[in-house]
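Structure below is coords_24.cif: mmCIF, C-alpha atoms and all ligand atoms.
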data_start
#
loop_
_atom_site.label_atom_id
_atom_site.label_comp_id
_atom_site.auth_asym_id
_atom_site.auth_seq_id
_atom_site.Cartn_x
_atom_site.Cartn_y
_atom_site.Cartn_z
CA MET T 143 -14.90 -7.88 -14.56
CA VAL T 144 -11.72 -9.42 -13.21
CA PHE T 145 -8.63 -10.84 -14.93
CA LEU T 146 -7.44 -14.40 -14.31
CA ASN T 147 -4.60 -16.09 -16.19
CA GLY T 148 -4.97 -14.21 -19.45
CA LYS T 149 -8.75 -13.75 -19.56
CA PHE T 150 -11.26 -11.14 -18.44
CA MET T 151 -14.38 -12.60 -16.80
CA PRO T 152 -17.09 -11.80 -14.24
CA ILE T 153 -15.78 -12.39 -10.69
CA GLU T 154 -18.38 -15.14 -10.16
CA GLU T 155 -16.71 -17.15 -12.92
CA ALA T 156 -13.14 -16.74 -11.64
CA ARG T 157 -11.95 -20.02 -10.13
CA ILE T 158 -8.57 -21.31 -9.00
CA PRO T 159 -7.67 -24.88 -8.02
CA VAL T 160 -7.37 -25.55 -4.28
CA LEU T 161 -3.74 -26.63 -4.76
CA ASP T 162 -2.74 -23.12 -5.82
CA ARG T 163 0.33 -22.25 -3.73
CA GLY T 164 -1.26 -18.91 -2.92
CA PHE T 165 -4.06 -20.79 -1.14
CA ILE T 166 -1.85 -23.51 0.39
CA PHE T 167 1.24 -21.50 1.40
CA GLY T 168 0.44 -17.80 0.88
CA ASP T 169 3.22 -18.15 -1.71
CA GLY T 170 2.69 -15.02 -3.75
CA VAL T 171 3.07 -11.25 -3.97
CA TYR T 172 0.64 -8.44 -4.70
CA GLU T 173 0.10 -4.75 -5.42
CA LEU T 174 -2.67 -2.21 -5.15
CA VAL T 175 -2.69 0.77 -7.48
CA PRO T 176 -5.07 3.65 -6.83
CA VAL T 177 -6.85 5.01 -9.89
CA TYR T 178 -8.40 8.49 -9.92
CA SER T 179 -10.92 9.33 -12.67
CA ARG T 180 -9.62 6.26 -14.55
CA VAL T 181 -6.01 7.50 -14.39
CA PRO T 182 -3.70 5.12 -12.49
CA PHE T 183 -1.56 6.93 -9.91
CA ARG T 184 2.16 6.01 -9.95
CA MET T 185 1.51 2.81 -11.91
CA ASP T 186 5.15 2.39 -12.96
CA GLU T 187 6.34 2.69 -9.36
CA HIS T 188 3.86 0.00 -8.31
CA LEU T 189 5.00 -2.21 -11.19
CA ALA T 190 8.64 -1.65 -10.24
CA ARG T 191 7.85 -2.73 -6.66
CA LEU T 192 6.02 -5.80 -8.00
CA GLU T 193 9.15 -6.68 -10.01
CA ARG T 194 11.26 -6.33 -6.84
CA SER T 195 8.83 -8.46 -4.79
CA LEU T 196 8.78 -11.18 -7.46
CA ALA T 197 12.58 -11.23 -7.67
CA ALA T 198 12.85 -11.34 -3.86
CA VAL T 199 10.65 -14.47 -3.68
CA ARG T 200 12.37 -15.97 -6.74
CA MET T 201 9.22 -16.00 -8.85
CA ARG T 202 9.15 -15.53 -12.60
CA ASN T 203 7.44 -12.34 -13.76
CA PRO T 204 4.80 -13.57 -16.19
CA TYR T 205 4.49 -10.23 -18.00
CA SER T 206 6.63 -7.37 -19.26
CA ARG T 207 6.10 -3.91 -17.81
CA ALA T 208 4.20 -2.93 -20.99
CA GLU T 209 1.96 -6.01 -20.75
CA TRP T 210 1.14 -5.26 -17.09
CA ARG T 211 0.29 -1.65 -17.98
CA ASP T 212 -1.98 -2.81 -20.79
CA ILE T 213 -3.86 -5.34 -18.60
CA ILE T 214 -4.36 -2.75 -15.83
CA LEU T 215 -5.67 -0.14 -18.28
CA GLN T 216 -8.03 -2.64 -19.89
CA LEU T 217 -9.33 -3.69 -16.46
CA VAL T 218 -9.87 -0.04 -15.45
CA ASP T 219 -11.80 0.52 -18.69
CA LYS T 220 -14.13 -2.38 -17.97
CA GLN T 221 -15.40 -0.99 -14.65
CA SER T 222 -18.43 1.28 -14.31
CA PHE T 223 -16.87 3.50 -11.59
CA GLU T 224 -14.23 6.21 -11.98
CA ASP T 225 -12.05 5.97 -8.84
CA GLN T 226 -10.67 2.48 -8.45
CA GLY T 227 -8.26 0.37 -6.45
CA VAL T 228 -6.68 -2.13 -8.81
CA TYR T 229 -5.49 -5.16 -6.84
CA PHE T 230 -3.21 -7.68 -8.51
CA GLN T 231 -1.39 -10.75 -7.29
CA VAL T 232 0.89 -13.42 -8.67
CA THR T 233 1.28 -16.80 -6.97
CA ARG T 234 3.73 -19.60 -7.67
CA GLY T 235 0.94 -21.57 -9.32
CA VAL T 236 -0.76 -24.93 -8.86
CA ALA T 237 1.28 -27.95 -7.77
CA LYS T 238 1.19 -30.96 -5.46
CA ARG T 239 1.73 -29.69 -1.91
CA ASP T 240 5.47 -29.53 -1.27
CA HIS T 241 7.30 -26.58 0.26
CA SER T 242 10.11 -26.55 -2.31
CA PHE T 243 9.35 -24.82 -5.60
CA PRO T 244 7.53 -26.80 -8.30
CA LYS T 245 9.58 -27.29 -11.48
CA ASP T 246 6.97 -26.51 -14.09
CA ALA T 247 4.00 -24.67 -12.50
CA ALA T 248 2.80 -21.58 -14.34
CA PRO T 249 2.25 -18.56 -12.07
CA THR T 250 -1.37 -17.70 -11.27
CA VAL T 251 -2.15 -14.07 -12.14
CA PHE T 252 -5.26 -12.42 -10.76
CA LEU T 253 -6.39 -8.79 -11.01
CA MET T 254 -9.57 -7.14 -9.75
CA SER T 255 -10.65 -3.54 -9.45
CA ASN T 256 -12.89 -2.21 -6.70
CA PRO T 257 -14.23 1.26 -5.99
CA LEU T 258 -11.44 3.23 -4.30
CA VAL T 259 -12.40 4.03 -0.73
CA ASN T 260 -10.45 7.02 0.58
CA PRO T 261 -11.04 8.24 4.16
CA PRO T 262 -14.25 10.29 4.36
CA LYS T 263 -13.82 14.08 4.59
CA GLU T 264 -15.02 14.08 8.18
CA LEU T 265 -12.24 11.64 9.23
CA VAL T 266 -9.62 13.66 7.38
CA GLU T 267 -10.74 16.78 9.24
CA ARG T 268 -11.09 15.18 12.66
CA GLY T 269 -8.19 12.73 12.44
CA ALA T 270 -8.29 9.01 13.22
CA ALA T 271 -7.54 6.81 16.22
CA ALA T 272 -4.70 4.28 16.31
CA VAL T 273 -3.32 1.81 18.81
CA THR T 274 0.24 0.54 19.24
CA ALA T 275 1.59 -3.01 19.23
CA ALA T 276 4.84 -4.93 19.03
CA ASP T 277 5.84 -5.65 15.43
CA GLU T 278 6.02 -9.43 15.43
CA ARG T 279 6.07 -9.97 11.68
CA TRP T 280 8.85 -11.66 9.73
CA LEU T 281 12.08 -9.90 8.72
CA HIS T 282 11.22 -9.27 5.04
CA CYS T 283 8.49 -6.66 5.40
CA ASP T 284 9.91 -4.92 2.32
CA ILE T 285 8.40 -7.73 0.19
CA LYS T 286 4.72 -7.16 -0.60
CA SER T 287 3.83 -10.75 0.20
CA ILE T 288 0.27 -12.09 0.22
CA SER T 289 1.17 -13.95 3.47
CA LEU T 290 -0.49 -11.29 5.60
CA VAL T 291 -1.59 -13.21 8.69
CA GLY T 292 0.81 -11.13 10.86
CA ASN T 293 -0.60 -7.89 9.47
CA CYS T 294 -4.18 -9.16 9.83
CA LEU T 295 -3.65 -10.07 13.51
CA LEU T 296 -2.18 -6.63 14.17
CA ARG T 297 -4.86 -4.75 12.25
CA GLN T 298 -7.54 -6.64 14.19
CA LEU T 299 -6.22 -5.12 17.45
CA SER T 300 -7.20 -1.65 16.23
CA ALA T 301 -10.40 -2.83 14.52
CA GLU T 302 -11.63 -4.28 17.82
CA VAL T 303 -11.49 -0.87 19.51
CA GLY T 304 -12.87 1.01 16.49
CA ALA T 305 -9.46 2.50 15.58
CA ALA T 306 -8.13 2.98 12.04
CA GLU T 307 -4.63 1.55 12.40
CA THR T 308 -2.14 -0.32 14.56
CA ILE T 309 1.24 1.42 14.78
CA LEU T 310 4.13 -0.97 15.20
CA PHE T 311 7.39 -0.97 17.17
CA ARG T 312 10.25 -3.42 16.86
CA ASP T 313 12.89 -3.30 19.62
CA GLY T 314 11.33 -0.05 20.81
CA LYS T 315 11.63 1.64 17.43
CA LEU T 316 8.85 2.70 15.05
CA THR T 317 8.56 0.53 11.93
CA GLU T 318 5.24 1.16 10.17
CA ALA T 319 1.55 0.35 10.69
CA SER T 320 -0.38 -2.83 9.83
CA ALA T 321 -1.24 -1.55 6.32
CA SER T 322 0.44 1.85 6.04
CA ASN T 323 3.65 3.79 6.62
CA VAL T 324 4.00 6.24 9.49
CA PHE T 325 5.37 9.79 9.73
CA VAL T 326 5.62 11.88 12.89
CA VAL T 327 6.16 15.61 13.30
CA ARG T 328 8.21 16.98 16.19
CA ARG T 329 8.94 20.70 16.52
CA GLY T 330 8.09 21.26 12.87
CA VAL T 331 10.36 18.48 11.56
CA ILE T 332 8.80 15.56 9.67
CA LEU T 333 10.40 12.28 10.76
CA SER T 334 10.09 8.81 9.28
CA PRO T 335 12.01 5.55 9.65
CA PRO T 336 14.48 5.02 6.78
CA LYS T 337 13.62 2.30 4.27
CA SER T 338 14.85 -1.10 5.39
CA LYS T 339 13.78 -4.75 5.29
CA LEU T 340 11.53 -3.97 8.28
CA ILE T 341 9.07 -1.76 6.40
CA LEU T 342 7.26 -1.80 3.09
CA PRO T 343 8.69 0.90 0.82
CA GLY T 344 5.37 2.70 0.33
CA ILE T 345 4.62 4.42 -2.93
CA THR T 346 2.63 7.02 -0.95
CA TYR T 347 5.61 7.38 1.44
CA ASP T 348 7.74 8.32 -1.60
CA VAL T 349 5.16 10.83 -2.81
CA VAL T 350 4.97 12.44 0.65
CA VAL T 351 8.77 12.63 0.82
CA GLU T 352 8.99 14.20 -2.66
CA LEU T 353 6.29 16.73 -1.83
CA ALA T 354 7.92 17.65 1.50
CA GLN T 355 11.30 18.08 -0.16
CA GLY T 356 9.76 20.08 -3.02
CA ALA T 357 8.05 22.42 -0.58
CA GLY T 358 11.17 22.81 1.58
CA LEU T 359 9.54 21.23 4.64
CA PRO T 360 12.18 19.91 7.08
CA LEU T 361 12.38 16.13 6.82
CA GLU T 362 14.61 13.54 8.49
CA PHE T 363 14.92 9.79 8.10
CA ARG T 364 16.07 8.17 11.29
CA ASP T 365 15.22 5.64 13.97
CA ILE T 366 12.29 6.94 16.02
CA ALA T 367 11.90 5.75 19.60
CA ARG T 368 8.49 4.86 20.96
CA ASP T 369 8.59 7.85 23.37
CA GLU T 370 9.12 10.19 20.43
CA VAL T 371 6.01 8.84 18.72
CA VAL T 372 3.87 8.96 21.84
CA SER T 373 4.90 12.58 22.53
CA ALA T 374 4.89 13.72 18.86
CA ASP T 375 3.07 16.89 17.82
CA GLU T 376 1.58 15.06 14.85
CA ILE T 377 1.34 11.47 13.61
CA TRP T 378 0.31 10.56 10.05
CA VAL T 379 -0.28 7.25 8.32
CA THR T 380 0.10 6.98 4.55
CA SER T 381 -1.05 4.40 2.02
CA SER T 382 -2.53 4.19 -1.46
CA SER T 383 -6.05 4.09 -0.06
CA LYS T 384 -5.63 6.21 3.10
CA GLU T 385 -3.49 8.78 1.23
CA VAL T 386 -2.28 10.95 4.16
CA LEU T 387 -4.36 10.62 7.30
CA ALA T 388 -3.71 12.29 10.66
CA ILE T 389 -3.78 10.15 13.80
CA THR T 390 -5.17 12.25 16.63
CA THR T 391 -5.50 9.65 19.37
CA LEU T 392 -3.00 6.91 20.13
CA ASP T 393 -3.93 4.17 22.62
CA GLY T 394 -6.78 6.43 23.73
CA LYS T 395 -4.49 9.41 24.48
CA THR T 396 -4.52 12.68 22.60
CA VAL T 397 -1.80 13.29 20.01
CA GLY T 398 -0.57 16.93 20.04
CA ASN T 399 -3.58 19.14 20.60
CA GLY T 400 -5.98 16.41 19.46
CA LYS T 401 -6.54 17.88 15.99
CA PRO T 402 -4.74 17.31 12.68
CA GLY T 403 -1.76 19.67 12.88
CA PRO T 404 -0.46 22.46 10.63
CA VAL T 405 2.17 20.31 8.91
CA PHE T 406 -0.50 17.69 8.15
CA HIS T 407 -2.72 20.38 6.62
CA ALA T 408 0.15 21.57 4.42
CA MET T 409 0.96 18.01 3.31
CA TYR T 410 -2.68 17.09 2.74
CA ARG T 411 -3.09 20.11 0.46
CA LEU T 412 0.13 19.33 -1.44
CA TYR T 413 -0.99 15.72 -1.88
CA GLN T 414 -4.44 16.66 -3.22
CA GLU T 415 -2.93 19.25 -5.59
CA PHE T 416 -0.42 16.71 -6.84
CA LYS T 417 -3.15 14.13 -7.43
CA GLN T 418 -5.19 16.66 -9.42
CA LYS T 419 -2.13 17.50 -11.52
CA VAL T 420 -1.43 13.82 -12.26
CA MET T 421 -5.10 13.27 -13.11
CA ARG T 422 -5.24 16.23 -15.50
CA ALA T 423 -2.04 15.14 -17.24
CA GLY T 424 -3.41 11.57 -17.52
CA LYS T 425 -6.69 12.78 -18.99
CA GLU T 426 -4.83 14.89 -21.57
CA ARG T 427 -2.70 11.87 -22.52
CA GLN T 428 -5.80 9.70 -22.87
CA ALA T 429 -7.52 12.33 -25.03
CA ALA T 430 -4.47 12.77 -27.32
C1 LIG A 501 2.42 -2.99 5.63
C2 LIG A 501 2.20 -1.84 4.70
N1 LIG A 501 3.00 -0.76 4.81
C3 LIG A 501 2.84 0.31 4.01
C4 LIG A 501 1.83 0.36 3.03
C5 LIG A 501 1.68 1.58 2.17
O1 LIG A 501 2.11 1.33 0.84
P1 LIG A 501 1.56 2.17 -0.37
O2 LIG A 501 1.77 3.61 -0.04
O3 LIG A 501 2.40 1.74 -1.52
O4 LIG A 501 0.12 1.83 -0.54
C6 LIG A 501 1.00 -0.75 2.88
C7 LIG A 501 -0.04 -0.73 1.85
O5 LIG A 501 -0.78 -1.64 1.64
C8 LIG A 501 1.18 -1.88 3.73
O6 LIG A 501 0.40 -2.97 3.61
#

Could you write out this file's structure as structure tokens?
Amino acid sequence: MVFLNGKFMPIEEARIPVLDRGFIFGDGVYELVPVYSRVPFRMDEHLARLERSLAAVRMRNPYSRAEWRDIILQLVDKQSFEDQGVYFQVTRGVAKRDHSFPKDAAPTVFLMSNPLVNPPKELVERGAAAVTAADERWLHCDIKSISLVGNCLLRQLSAEVGAAETILFRDGKLTEASASNVFVVRRGVILSPPKSKLILPGITYDVVVELAQGAGLPLEFRDIARDEVVSADEIWVTSSSKEVLAITTLDGKTVGNGKPGPVFHAMYRLYQEFKQKVMRAGKERQAA
């Protein structure tokens, strides 16, 4: 079952008019919340980011935070599988094609939930390949916009060589990857670019930062030059579906010693423990 404009229905029955501004202009924003054993992970943080994206593109939020929560939980309940990725998007609605905003269009709201696909154990243990590319996207990468043609073009570069991600540089500095944030480790220090308009403020990025700080792992936010990435001891990508994944080859060259490093192992364990804790607490809340 999916949700479209106030109703739950089978995906085959979900239809939107061709003049939807999401279809015509990519005029919309979206989110993806991971759900473990039917417990949404960091749902409020995802909803807060949705609120920020909507405000940034001057779109009315059709629902309150409580209404969003309720729709997501109902959708999760209607699926047959336990671990889910709940995708939701809001577009500026259906109107005659004109770039300027329509006066009276109602936003289109669509939610679907698919089985959550985390990296297989073997990839986590071996690490993944990535390539690099110039970040040629627009200057509002902090908005989770459905206009993803830039990201799609960049992701395709890695897909074509069988790699998991494309790591991006703007003016010689690391930004993020086509669909994830990036951390590097140099001499035991975890480094990541500070939040700015040039990267999406990842919910997983925040979790990784909190866990590193909680465990007393050295962490610095600063500009990271391309050379520092290429010669890093470890590179990780983070996202709601990838969680924390080590990159062990970059543009065909070995990263560090070619295996996921010790700081990655520590972070991976912390992340899995944290997920379990959140899941247990969620289950207890649901049972109460
Ligand atoms: C461009 C980009 N950066 C970063 C992320 C990671 O964000 P999150 O951790 O909230 O999934 C994503 C996720 O889709 C993304 O598309």

Requested in this report: Output the neighbourhood of ligand LIG 501 (chain A) as a PyMOL selection string, that is, all protein and nucleic acid residues with some atom at most 6 Å from the ligand, counting all atoms listed in the file.
Outcome: chain T and resi 320-323+342+344-347+380-382

Query raised in the report: Taking into account all atoms listed in the file, which residue in the set T:Lys419, T:Lys384, T:His241, T:Arg234 is nearest to Glu307 of chain T?
Result: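 Result for the nearest residue to Glu307 of chain T: T:Lys384.
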
Query - Neighbour list for Asp369 of chain T as a PyMOL selection string, cut-off 12 Å, only C-alpha atoms, skip fewer than 2 positions in-chain - result: chain T and resi 274+311+314-316+326+328+365-367+371-375

Query - Residue nearest Lys286 of chain T - candidates T:Glu193, T:Glu154, T:Glu385, T:Asp393, atoms counted: all atoms listed in the file - result: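 Distance minimum relative to Lys286 of chain T lands on T:Glu193.
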
Query raised in the report: Which one of T:Ala208, T:Leu340, T:Met201, T:Ile285 sits closest to Leu189 of chain T if you count all atoms listed in the file?
Result: T:Ala208

Query raised in the report: atom CA of Arg297 of chain T and atom CA of Ala354 of chain T, how far apart in Å?
Result: 27.9 Å

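You can rank T:Ala275, T:Leu217, T:Leu295, T:Val420 by their closest distance to Val181 of chain T using all atoms listed in the file, and at the top of that list sits T:Val420.
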
Report task. Name all residues at most 7 Å from Glu362 of chain T (count all atoms listed in the file; drop same-chain ones fewer than 6 positions away) and give them as a PyMOL selection string. Result -> chain T and resi 332-334

Requested in this report: Have a look at atom CA of Arg194 of chain T and atom CA of Cys294 of chain T and let me know their distance in Å, one decimal.
Outcome: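 Computed distance, atom CA of Arg194 of chain T to atom CA of Cys294 of chain T, equals 22.9 Å.
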
Which residues, written as an mmCIF file with C-alpha atoms, in the frame of the given file, have at least one atom at most 10 Å from Gln418 of chain T, with only C-alpha atoms counted and residues fewer than 5 positions away on the same chain left out?
data_model
loop_
_atom_site.group_PDB
_atom_site.id
_atom_site.type_symbol
_atom_site.label_atom_id
_atom_site.label_comp_id
_atom_site.auth_asym_id
_atom_site.auth_seq_id
_atom_site.Cartn_x
_atom_site.Cartn_y
_atom_site.Cartn_z
ATOM 1 C CA TYR T 178 -8.400 8.490 -9.920
ATOM 2 C CA SER T 179 -10.920 9.330 -12.670
ATOM 3 C CA LEU T 412 0.130 19.330 -1.440
ATOM 4 C CA TYR T 413 -0.990 15.720 -1.880
ATOM 5 C CA ALA T 423 -2.040 15.140 -17.240
ATOM 6 C CA GLY T 424 -3.410 11.570 -17.520
#

Report task. Counting only C-alpha atoms, figure out which residue out of T:Gly227, T:Val199, T:Gly269, T:Trp210 gets nearest to Gly400 of chain T. Result ->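 For Gly400 of chain T, the nearest of the candidates is T:Gly269.
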
Query raised in the report: With all atoms listed in the file as the atoms that count, which of T:Val228, T:Leu361, T:Leu392, T:Val251 lies nearest to Ser300 of chain T?
Result: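 The shortest atom-to-atom distance to Ser300 of chain T comes from T:Leu392.
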
Please write as a short mmCIF file (atom, residue, chain, number, x, y, z; two decimals) with C-alpha atoms, in the frame of the given file the list of polymer residues whose atoms come within 7 Å of (4.9, -2.3, 10.8), counting only C-alpha atoms and keeping to the coordinates of the file.
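Output (part-v3.cif):
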data_model
loop_
_atom_site.label_atom_id
_atom_site.label_comp_id
_atom_site.auth_asym_id
_atom_site.auth_seq_id
_atom_site.Cartn_x
_atom_site.Cartn_y
_atom_site.Cartn_z
CA ASP T 277 5.84 -5.65 15.43
CA ILE T 309 1.24 1.42 14.78
CA LEU T 310 4.13 -0.97 15.20
CA PHE T 311 7.39 -0.97 17.17
CA THR T 317 8.56 0.53 11.93
CA GLU T 318 5.24 1.16 10.17
CA ALA T 319 1.55 0.35 10.69
CA SER T 320 -0.38 -2.83 9.83
CA ILE T 341 9.07 -1.76 6.40
#

Requested in this report: Quick one: everything within 7 Å of segment 265-267 of chain T, counting all atoms listed in the file, minus sequence neighbours fewer than 2 positions away in the same chain. Send it as a PyMOL selection string.
Outcome: chain T and resi 261-263+269-270+387-388+402

Output C-alpha atoms for every residue in the selection just made, as a PDB file, keeping the file's coordinate frame.
ATOM      1  CA  PRO T 261     -11.040   8.240   4.160  1.00  0.00           C
ATOM      2  CA  PRO T 262     -14.250  10.290   4.360  1.00  0.00           C
ATOM      3  CA  LYS T 263     -13.820  14.080   4.590  1.00  0.00           C
ATOM      4  CA  GLY T 269      -8.190  12.730  12.440  1.00  0.00           C
ATOM      5  CA  ALA T 270      -8.290   9.010  13.220  1.00  0.00           C
ATOM      6  CA  LEU T 387      -4.360  10.620   7.300  1.00  0.00           C
ATOM      7  CA  ALA T 388      -3.710  12.290  10.660  1.00  0.00           C
ATOM      8  CA  PRO T 402      -4.740  17.310  12.680  1.00  0.00           C
TER       9      PRO T 402
END

Query raised in the report: Just how far from atom CA of Asp212 of chain T is atom CA of Ala430 of chain T, in Å to one decimal?
Result: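 Calculated distance between atom CA of Ala430 of chain T and atom CA of Asp212 of chain T is 17.1 Å.
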
Where atoms are lacking, segment 405-427 of chain T completed to N, CA, C and O atoms, as a short mmCIF file (atom, residue, chain, number, x, y, z; two decimals), in the coordinates of the input:
data_model
loop_
_atom_site.label_atom_id
_atom_site.label_comp_id
_atom_site.auth_asym_id
_atom_site.auth_seq_id
_atom_site.Cartn_x
_atom_site.Cartn_y
_atom_site.Cartn_z
N VAL T 405 1.33 20.95 9.94
CA VAL T 405 2.17 20.31 8.91
C VAL T 405 1.34 19.29 8.13
O VAL T 405 1.45 19.17 6.90
N PHE T 406 0.44 18.60 8.84
CA PHE T 406 -0.50 17.69 8.15
C PHE T 406 -1.32 18.47 7.13
O PHE T 406 -1.46 18.04 5.97
N HIS T 407 -1.88 19.60 7.54
CA HIS T 407 -2.72 20.38 6.62
C HIS T 407 -1.94 20.75 5.37
O HIS T 407 -2.46 20.65 4.25
N ALA T 408 -0.69 21.19 5.56
CA ALA T 408 0.15 21.57 4.42
C ALA T 408 0.36 20.36 3.51
O ALA T 408 0.21 20.44 2.28
N MET T 409 0.70 19.21 4.12
CA MET T 409 0.96 18.01 3.31
C MET T 409 -0.31 17.50 2.62
O MET T 409 -0.27 17.10 1.46
N TYR T 410 -1.43 17.56 3.33
CA TYR T 410 -2.68 17.09 2.74
C TYR T 410 -3.00 17.91 1.49
O TYR T 410 -3.37 17.37 0.44
N ARG T 411 -2.81 19.24 1.61
CA ARG T 411 -3.09 20.11 0.46
C ARG T 411 -2.14 19.79 -0.70
O ARG T 411 -2.56 19.64 -1.85
N LEU T 412 -0.86 19.65 -0.40
CA LEU T 412 0.13 19.33 -1.44
C LEU T 412 -0.24 18.02 -2.13
O LEU T 412 -0.16 17.89 -3.35
N TYR T 413 -0.66 17.04 -1.34
CA TYR T 413 -0.99 15.72 -1.88
C TYR T 413 -2.19 15.81 -2.82
O TYR T 413 -2.18 15.25 -3.91
N GLN T 414 -3.23 16.53 -2.38
CA GLN T 414 -4.44 16.66 -3.22
C GLN T 414 -4.12 17.43 -4.50
O GLN T 414 -4.60 17.07 -5.58
N GLU T 415 -3.29 18.48 -4.39
CA GLU T 415 -2.93 19.25 -5.59
C GLU T 415 -2.15 18.37 -6.56
O GLU T 415 -2.36 18.40 -7.77
N PHE T 416 -1.24 17.57 -6.00
CA PHE T 416 -0.42 16.71 -6.84
C PHE T 416 -1.28 15.68 -7.57
O PHE T 416 -1.13 15.43 -8.76
N LYS T 417 -2.23 15.10 -6.84
CA LYS T 417 -3.15 14.13 -7.43
C LYS T 417 -3.93 14.74 -8.59
O LYS T 417 -4.06 14.14 -9.65
N GLN T 418 -4.42 15.97 -8.37
CA GLN T 418 -5.19 16.66 -9.42
C GLN T 418 -4.32 16.86 -10.66
O GLN T 418 -4.77 16.68 -11.79
N LYS T 419 -3.05 17.24 -10.41
CA LYS T 419 -2.13 17.50 -11.52
C LYS T 419 -1.90 16.21 -12.32
O LYS T 419 -1.96 16.22 -13.55
N VAL T 420 -1.67 15.11 -11.60
CA VAL T 420 -1.43 13.82 -12.26
C VAL T 420 -2.66 13.41 -13.06
O VAL T 420 -2.58 12.93 -14.19
N MET T 421 -3.84 13.65 -12.47
CA MET T 421 -5.10 13.27 -13.11
C MET T 421 -5.31 14.07 -14.40
O MET T 421 -5.66 13.50 -15.43
N ARG T 422 -5.06 15.38 -14.30
CA ARG T 422 -5.24 16.23 -15.50
C ARG T 422 -4.29 15.79 -16.60
O ARG T 422 -4.69 15.65 -17.76
N ALA T 423 -3.03 15.55 -16.24
CA ALA T 423 -2.04 15.14 -17.24
C ALA T 423 -2.46 13.80 -17.86
O ALA T 423 -2.36 13.61 -19.08
N GLY T 424 -2.97 12.88 -17.03
CA GLY T 424 -3.41 11.57 -17.52
C GLY T 424 -4.57 11.70 -18.48
O GLY T 424 -4.64 11.04 -19.51
N LYS T 425 -5.51 12.57 -18.14
CA LYS T 425 -6.69 12.78 -18.99
C LYS T 425 -6.27 13.34 -20.34
O LYS T 425 -6.78 12.95 -21.39
N GLU T 426 -5.30 14.30 -20.31
CA GLU T 426 -4.83 14.89 -21.57
C GLU T 426 -4.15 13.83 -22.43
O GLU T 426 -4.36 13.79 -23.64
N ARG T 427 -3.38 12.95 -21.77
CA ARG T 427 -2.70 11.87 -22.52
C ARG T 427 -3.74 10.94 -23.15
O ARG T 427 -3.62 10.56 -24.31
#
